[in-house]
Amino acid sequence: MDAVLQRHQPSTWEQLRSSPIVFIARRIYTYLCQCQTLHEDESDSTIRVVCISDTHNVHNSLPETPFGDIFIHAGDLTQTGTANELLAALTWMSSLPHPHKIFIAGNHDKGLAEPEIRDMLLVSHPDLTYLDNASTSLTIRGRTLSIYGNPRTPGFGPPSLRYPRIRVEKSSDSDVWSSIPPQTDVLVTHGPPAGHLEFERAGCVGLLHKVWKIRPKLHVFGHIHAGRGVERVYWTNAQQTYEKISLGLGGLWDLLVLVLQAASEILFNNVQYEDGTTMVNAAAVGGFRDELRRGAIVVDI
């Protein structure tokens with residue numbers, strides 16, 4: 001599985017050869033998201049969020065971190081999760097000038113699963129907010145955001161940082177993500193939801209099902225290095241059909257349905273833009289052996 005997490009971004013030919021229907025569906029869905037984004041009106045009242053994940057001890061060799069109102073690290077600060085590695089990563093975060101700095105653990109950050117190490121690190125870095133199945137509220141320029149973080153990923157890391165992979169047919173029955181408050185504005189998880197900014201169906205279907213319900217303004221994650229990017233989703237019928245295909249549950253008929261739904265949404269402009277969610281896979285390392293160094297991703301919400 002590490003080969004999936006650390007693999008380079010697949011080429012166009014590799015994607016097409018792997019699954020032609022999924023490849024075509026992803027192209028249609030990506031074009032639809034781009035068309036919808038063009039219709040959005042920008043607001044003067046924005047909060048700048050600087051997102052990063054999967055720095056794996058290379059934080060000092062990354063491009064300069066942009067400034068923003070909130071800095072969020074979505075886990076895998078380290079490679080092996082020792083106290084010394086974690087101390088170095090947290091010291092780096094403390095040195096950043098952002099007024100609010102929030103982080104969660106990743107499956108590599110084993111020390112954060114040990115109470116003594118975790119408590120020692122947090123006491124020495126009081127300017128950092130660590131979220132583990134917990135929420136915090138921030139008020140910035142008169143706007144209050146509720147931010148929830150949960151580090152768990154399917155099948156990786158210490159017992160307290162992992163859970164069994166959820167089968168597609170069981171996604172609606174899973175209670176792994178039941179603690180996410182319904183009014184969450186910013187969701188921070190280590191792994192991605194199924195079908196979005198992931199690779200080879202490594203995303204969690206249970207998480208996808210929950211995000212459909214809460215629809216946060218921003219969802220920050222990482223874990224799948226090849227999935228790095230930004231995606232704006234609007235929770236439409238076309239998106240639901242695309243997700244069905246990406247999970248391997250759809251065929252040619254569903255691809256035709258997706259084409260018709262996408263055409264309808266573009267022609268009739270019937271999308272509720274205020275319900276949209278910005279998804280960010282902010283993995284900082286990439287390439288076949290994590291040789292790439294990629295900076296933080298900035299999002300305005």
# chains A, B, ... in the order shown; residues from 1 in each chain; ligands from 1

$ residues_around --residues "A:Gly295" --least-positions-apart "5" --cutoff "10 Å" --atoms "only C-alpha atoms" --output "NGL selection string"
:A and (50-53 or 55 or 59 or 61-66 or 282-285)

$ residues_around --residues "A:Ala238" --least-positions-apart "2" --cutoff "6 Å" --atoms "only C-alpha atoms" --output "JSON, numbers by chain"
{"A": [236, 240, 241, 258, 261, 262]}

$ residues_around --residues "A:Leu161" --least-positions-apart "2" --cutoff "9 Å" --atoms "only C-alpha atoms" --output "number ranges by chain"
A: 105-107, 110, 113, 150-159, 163

$ write_last_selection --atoms "N, CA and C atoms" --output "PDB file, in the first residue's frame"
ATOM      1  N   ALA A 105      -2.631  14.594  13.627  1.00  0.00           N
ATOM      2  CA  ALA A 105      -1.619  13.570  13.375  1.00  0.00           C
ATOM      3  C   ALA A 105      -1.905  12.884  12.049  1.00  0.00           C
ATOM      4  N   GLY A 106      -0.889  12.198  11.546  1.00  0.00           N
ATOM      5  CA  GLY A 106      -1.046  11.286  10.432  1.00  0.00           C
ATOM      6  C   GLY A 106      -0.602   9.906  10.855  1.00  0.00           C
ATOM      7  N   ASN A 107      -0.749   8.935   9.988  1.00  0.00           N
ATOM      8  CA  ASN A 107      -0.400   7.568  10.364  1.00  0.00           C
ATOM      9  C   ASN A 107       1.088   7.399  10.673  1.00  0.00           C
ATOM     10  N   LYS A 110       3.478   8.527  15.066  1.00  0.00           N
ATOM     11  CA  LYS A 110       3.140   7.574  16.125  1.00  0.00           C
ATOM     12  C   LYS A 110       3.251   8.171  17.518  1.00  0.00           C
ATOM     13  N   ALA A 113       0.245   9.443  19.332  1.00  0.00           N
ATOM     14  CA  ALA A 113      -0.693   8.460  19.882  1.00  0.00           C
ATOM     15  C   ALA A 113      -0.299   8.033  21.286  1.00  0.00           C
ATOM     16  N   ASN A 150      -9.671  15.164  12.738  1.00  0.00           N
ATOM     17  CA  ASN A 150      -9.627  13.752  13.111  1.00  0.00           C
ATOM     18  C   ASN A 150      -8.520  13.080  12.305  1.00  0.00           C
ATOM     19  N   PRO A 151      -7.530  12.474  12.962  1.00  0.00           N
ATOM     20  CA  PRO A 151      -6.363  11.945  12.251  1.00  0.00           C
ATOM     21  C   PRO A 151      -6.524  10.541  11.678  1.00  0.00           C
ATOM     22  N   ARG A 152      -7.610   9.855  11.947  1.00  0.00           N
ATOM     23  CA  ARG A 152      -7.678   8.434  11.636  1.00  0.00           C
ATOM     24  C   ARG A 152      -7.713   8.145  10.137  1.00  0.00           C
ATOM     25  N   THR A 153      -6.996   7.090   9.756  1.00  0.00           N
ATOM     26  CA  THR A 153      -6.980   6.627   8.376  1.00  0.00           C
ATOM     27  C   THR A 153      -7.239   5.128   8.348  1.00  0.00           C
ATOM     28  N   PRO A 154      -7.776   4.610   7.254  1.00  0.00           N
ATOM     29  CA  PRO A 154      -8.103   3.181   7.205  1.00  0.00           C
ATOM     30  C   PRO A 154      -6.867   2.293   7.093  1.00  0.00           C
ATOM     31  N   GLY A 155      -6.612   1.529   8.159  1.00  0.00           N
ATOM     32  CA  GLY A 155      -5.612   0.479   8.091  1.00  0.00           C
ATOM     33  C   GLY A 155      -4.181   0.882   8.304  1.00  0.00           C
ATOM     34  N   PHE A 156      -3.898   2.144   8.703  1.00  0.00           N
ATOM     35  CA  PHE A 156      -2.512   2.579   8.849  1.00  0.00           C
ATOM     36  C   PHE A 156      -2.288   3.210  10.217  1.00  0.00           C
ATOM     37  N   GLY A 157      -1.056   3.057  10.737  1.00  0.00           N
ATOM     38  CA  GLY A 157      -0.673   3.736  11.960  1.00  0.00           C
ATOM     39  C   GLY A 157      -1.014   2.956  13.214  1.00  0.00           C
ATOM     40  N   PRO A 158      -0.721   3.559  14.390  1.00  0.00           N
ATOM     41  CA  PRO A 158      -1.055   2.929  15.676  1.00  0.00           C
ATOM     42  C   PRO A 158      -2.560   2.710  15.787  1.00  0.00           C
ATOM     43  N   PRO A 159      -3.000   1.805  16.675  1.00  0.00           N
ATOM     44  CA  PRO A 159      -4.432   1.497  16.793  1.00  0.00           C
ATOM     45  C   PRO A 159      -5.318   2.723  16.982  1.00  0.00           C
ATOM     46  N   TYR A 163      -8.500   2.759  11.530  1.00  0.00           N
ATOM     47  CA  TYR A 163      -9.751   2.015  11.613  1.00  0.00           C
ATOM     48  C   TYR A 163      -9.821   1.063  10.423  1.00  0.00           C
TER      49      TYR A 163
END

$ residues_around --residues "A:Lys213" --least-positions-apart "2" --cutoff "12 Å" --atoms "only C-alpha atoms" --output "ChimeraX atom specification"
/A:172,177-178,180-184,206-211,215-216,235,275,277

$ residues_around --residues "A:Asp300" --least-positions-apart "5" --cutoff "6 Å" --atoms "only C-alpha atoms" --output "ChimeraX atom specification"
/A:46-48

$ write_last_selection --atoms "N, CA and C atoms" --output "PDB file, in the first residue's frame"
ATOM      1  N   THR A  46     -13.329  37.491   3.242  1.00  0.00           N
ATOM      2  CA  THR A  46     -12.716  36.165   3.116  1.00  0.00           C
ATOM      3  C   THR A  46     -11.718  35.930   4.230  1.00  0.00           C
ATOM      4  N   ILE A  47     -11.513  34.657   4.529  1.00  0.00           N
ATOM      5  CA  ILE A  47     -10.505  34.227   5.484  1.00  0.00           C
ATOM      6  C   ILE A  47      -9.510  33.368   4.728  1.00  0.00           C
ATOM      7  N   ARG A  48      -8.243  33.699   4.836  1.00  0.00           N
ATOM      8  CA  ARG A  48      -7.212  32.970   4.094  1.00  0.00           C
ATOM      9  C   ARG A  48      -6.686  31.812   4.927  1.00  0.00           C
TER      10      ARG A  48
END

$ select_by_dssp --residues "stretch 128-272 of chain A" --states "strand (DSSP E or B)" --output "MDAnalysis selection string"
chainID A and resid 128:130 134:140 143:150 153:154 162:163 186:189 193 204 218:221 229:233

$ residues_around --residues "A:Gly191" --least-positions-apart "5" --cutoff "6 Å" --atoms "only C-alpha atoms" --output "list in words"
Thr153, Phe221, Gly222 and His223 of chain A

$ write_last_selection --atoms "all heavy atoms" --output "PDB file, in the first residue's frame"
ATOM      1  N   THR A 153      -6.996   7.090   9.756  1.00  0.00           N
ATOM      2  CA  THR A 153      -6.980   6.627   8.376  1.00  0.00           C
ATOM      3  C   THR A 153      -7.239   5.128   8.348  1.00  0.00           C
ATOM      4  O   THR A 153      -6.946   4.418   9.322  1.00  0.00           O
ATOM      5  CB  THR A 153      -5.626   6.924   7.698  1.00  0.00           C
ATOM      6  OG1 THR A 153      -4.567   6.503   8.557  1.00  0.00           O
ATOM      7  CG2 THR A 153      -5.470   8.389   7.401  1.00  0.00           C
ATOM      8  N   PHE A 221      -6.976  17.642   3.634  1.00  0.00           N
ATOM      9  CA  PHE A 221      -6.444  16.308   3.911  1.00  0.00           C
ATOM     10  C   PHE A 221      -5.154  16.115   3.119  1.00  0.00           C
ATOM     11  O   PHE A 221      -4.637  17.042   2.495  1.00  0.00           O
ATOM     12  CB  PHE A 221      -7.472  15.220   3.555  1.00  0.00           C
ATOM     13  CG  PHE A 221      -8.082  15.369   2.195  1.00  0.00           C
ATOM     14  CD1 PHE A 221      -7.465  14.838   1.068  1.00  0.00           C
ATOM     15  CD2 PHE A 221      -9.284  16.047   2.018  1.00  0.00           C
ATOM     16  CE1 PHE A 221      -8.031  14.967  -0.189  1.00  0.00           C
ATOM     17  CE2 PHE A 221      -9.859  16.192   0.763  1.00  0.00           C
ATOM     18  CZ  PHE A 221      -9.236  15.649  -0.336  1.00  0.00           C
ATOM     19  N   GLY A 222      -4.616  14.912   3.152  1.00  0.00           N
ATOM     20  CA  GLY A 222      -3.400  14.566   2.415  1.00  0.00           C
ATOM     21  C   GLY A 222      -3.327  13.071   2.252  1.00  0.00           C
ATOM     22  O   GLY A 222      -4.211  12.458   1.676  1.00  0.00           O
ATOM     23  N   HIS A 223      -2.248  12.453   2.789  1.00  0.00           N
ATOM     24  CA  HIS A 223      -2.087  11.001   2.858  1.00  0.00           C
ATOM     25  C   HIS A 223      -1.758  10.386   1.498  1.00  0.00           C
ATOM     26  O   HIS A 223      -0.787   9.643   1.373  1.00  0.00           O
ATOM     27  CB  HIS A 223      -3.337  10.361   3.453  1.00  0.00           C
ATOM     28  CG  HIS A 223      -3.190   8.914   3.806  1.00  0.00           C
ATOM     29  ND1 HIS A 223      -2.126   8.414   4.511  1.00  0.00           N
ATOM     30  CD2 HIS A 223      -3.998   7.839   3.546  1.00  0.00           C
ATOM     31  CE1 HIS A 223      -2.278   7.110   4.682  1.00  0.00           C
ATOM     32  NE2 HIS A 223      -3.398   6.738   4.098  1.00  0.00           N
TER      33      HIS A 223
END

$ atom_distance --atom1 "atom CA of A:Asp54" --atom2 "atom CA of A:His73"
8.2 Å

$ select_by_dssp --residues "stretch 65-137 of chain A" --states "alpha helix (DSSP H)" --output "ChimeraX atom specification"
/A:83-95,115-123

$ closest_residue --among "A:Tyr29, A:Ser146, A:Arg232, A:His225" --to "A:Arg289" --atoms "only C-alpha atoms"
A:His225

$ residues_around --residues "A:Asp109" --least-positions-apart "4" --cutoff "8 Å" --atoms "only C-alpha atoms" --output "PyMOL selection string"
chain A and resi 75-82+86+105+113+157
